[in-house]
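All remarks here apply to the structure that follows.
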Amino acid sequence: MHTGGGGGGGGGSRMLPPKQLLTIIIVIFSTLSFIKLLLLTSSSSGVSSPRSPAWDAGGGVGNGTARSALAAKELALLRSLVAARAPCRLLVFGLSPQLVALARLNSGAGSGAAAAATAFVTDSADDADAARRVLSSGRKAGGAPAGSVAVHRARYRDAAAEAWPLLRRARGSPACRRPTGAVRKSGCPLALTSLPREVLDARWDVVVVDGPSGAAPGEPGRMGTIYTAAALARASAAAGGDGKVDVAVHDVDRTVERWYAWEFLCEDNLVAAKGRLWHFRVGAGGPPDAFCNTGPVQIL
């Protein structure tokens with residue numbers, strides 16, 4: 001009796017053969033992976049990509065909900081460099097509630113506020129319309145920035161995936177070396193010569209690059225905006241004023257922004273950095289036929 005019971009207990013505690021156990025584990029993991037894939041597919045088809053920032057209908061700054069919003073410390077650095085030059089001529093590639101708020105900061109409260117000029121360049125019609133509504137509502141409420149504020153549309157022709165071929169081409173082209181004349185007459189394929197003359201012919205004190213998106217290989221990249229910012233900074237510094245132009249580039253954790261910032265804004269011009277934001281100060285000096293004193297960055 002006892003022996004038979006022990007034998008029955010031993011038979012009930014037998015482990016599955018290794019092959020059968022492995023098959024069960026594979027089936028479980030395959031099922032879980034399939035369920036995860038279904039969840040990701042349904043969520044991506046049901047929710048639109050957050051391409052544009054959340055514009056505050058009341059004209060506020062919002063909380064930086066854009067796909068690549070400025071972090072608090074990055075925004076603090078950007079605001080401090082604009083405030084230090086205000087009222088000034090401020091050019092911003094990109095458009096979001098955070099960036100539009102720089103126009104009010106630039107106007108300041110001093111007697112020279114009317115001399116402030118702020119221009120935004122964006123490829124998004126929705127963002128352009130939203131910014132104009134915010135600025136218009138501010139004027140009606142008596143809280144609009146002093147001086148002039150303009151919003152310009154642009155079409156960026158090069159996707160972020162083209163960054164390396166474009167850079168190689170630019171390195172071999174004399175037209176892409178440090179510009180000696182008007183930027184709008186440049187023969188470099190990186191120069192955004194289709195921008196309005198009020199952008200390309202103006203002298204700027206501060207230039208910010210936070211657009212276009214450049215977040216995916218197929219989206220417009222910032223190769224042209226960084227090159228054009230560098231060219232305008234050199235031209236503006238040579239045109240007079242205090243001889244220095246501040247240039248801020250956001251999202252330098254990404255390869256394209258980092259490559260092009262080193263190539264055209266130069267490591268020896270970097271004066272501050274916070275998070276993903278680099279602050280360059282560009283002067284009129286340097287070699288006559290190159291952007292940087294050092295040779296091109298080695299990209300492996």
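Identifiers in the structure tokens: chain A, B, ... in order shown; residue index from 1 per chain; ligand index from 1 in order shown.
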**Q.** Which of range 81-250 of chain A fall in alpha helix (DSSP H), as a PyMOL selection string
**A.** chain A and resi 81-85+97-107+125-140+163-171+197-200+223-239
Q: Return the single residue from A:Pro179, A:Gly214, A:Pro174, A:Gly147 that is closest to Ala235 in chain A, with distances computed using only C-alpha atoms.
A: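 Of A:Pro179, A:Gly214, A:Pro174, A:Gly147, the one nearest Ala235 in chain A is A:Pro179, counting only C-alpha atoms.
Here CA of Thr180 in chain A stands at a distance of 14.2 Å from CA of Gly283 in chain A.
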Q: Run DSSP on the backbone and give me the residues of range 85-238 of chain A it puts in strand (DSSP E or B), as an MDAnalysis selection string.
A: chainID A and resid 89:93 117:122 148:153 159 206:209 220
**Q.** For CA of Arg157 in chain A and CA of Trp259 in chain A, the interatomic separation in Å (one decimal)
**A.** 18.9 Å
Q: Could you give me, as a PyMOL selection string, the residues within 9 Å of Val207 in chain A, counting only C-alpha atoms and dropping anything in the same chain fewer than 2 positions from it?
A: chain A and resi 89-93+204-205+209+229-230+232-233+245-249
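Shortest atom-to-atom contact with Gly218 in chain A among A:Ala101, A:Val282, A:Ala119, A:Ala160: A:Ala160, counting only C-alpha atoms.
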Q | Nearest candidate to Leu195 in chain A (options A:Arg104, A:Arg85, A:Arg281, A:Arg153; using only C-alpha atoms) | A |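 The shortest atom-to-atom distance to Leu195 in chain A comes from A:Arg153.
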Q: Mind checking which residues fall within 9 Å of Ala150 in chain A, counting only C-alpha atoms, ignoring those fewer than 6 positions away in the same chain, and posting them as a list of chain:residue names?
A: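 The residues satisfying every condition are A:Ala117, A:Thr118, A:Ala119, A:Phe120, A:Val121, A:Arg132.
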Q: Take CA of Leu166 in chain A and CA of Leu95 in chain A and report the distance between them in Å, one decimal.
A: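 Taking CA of Leu166 in chain A as the start and CA of Leu95 in chain A as the end point, the length is 24.9 Å.
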Q.
Could you check the closest approach to Pro287 in chain A for each of A:Gly243, A:Arg178, A:Ala273, A:Glu219 and tell me which residue wins, using only C-alpha atoms?
A. A:Arg178
Q.
Ranking A:Met223, A:Ala215, A:Val82, A:Leu265 by minimum distance to Asp253 in chain A and counting only C-alpha atoms, which one comes first?
A.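 Closest residue, counting only C-alpha atoms: A:Ala215.
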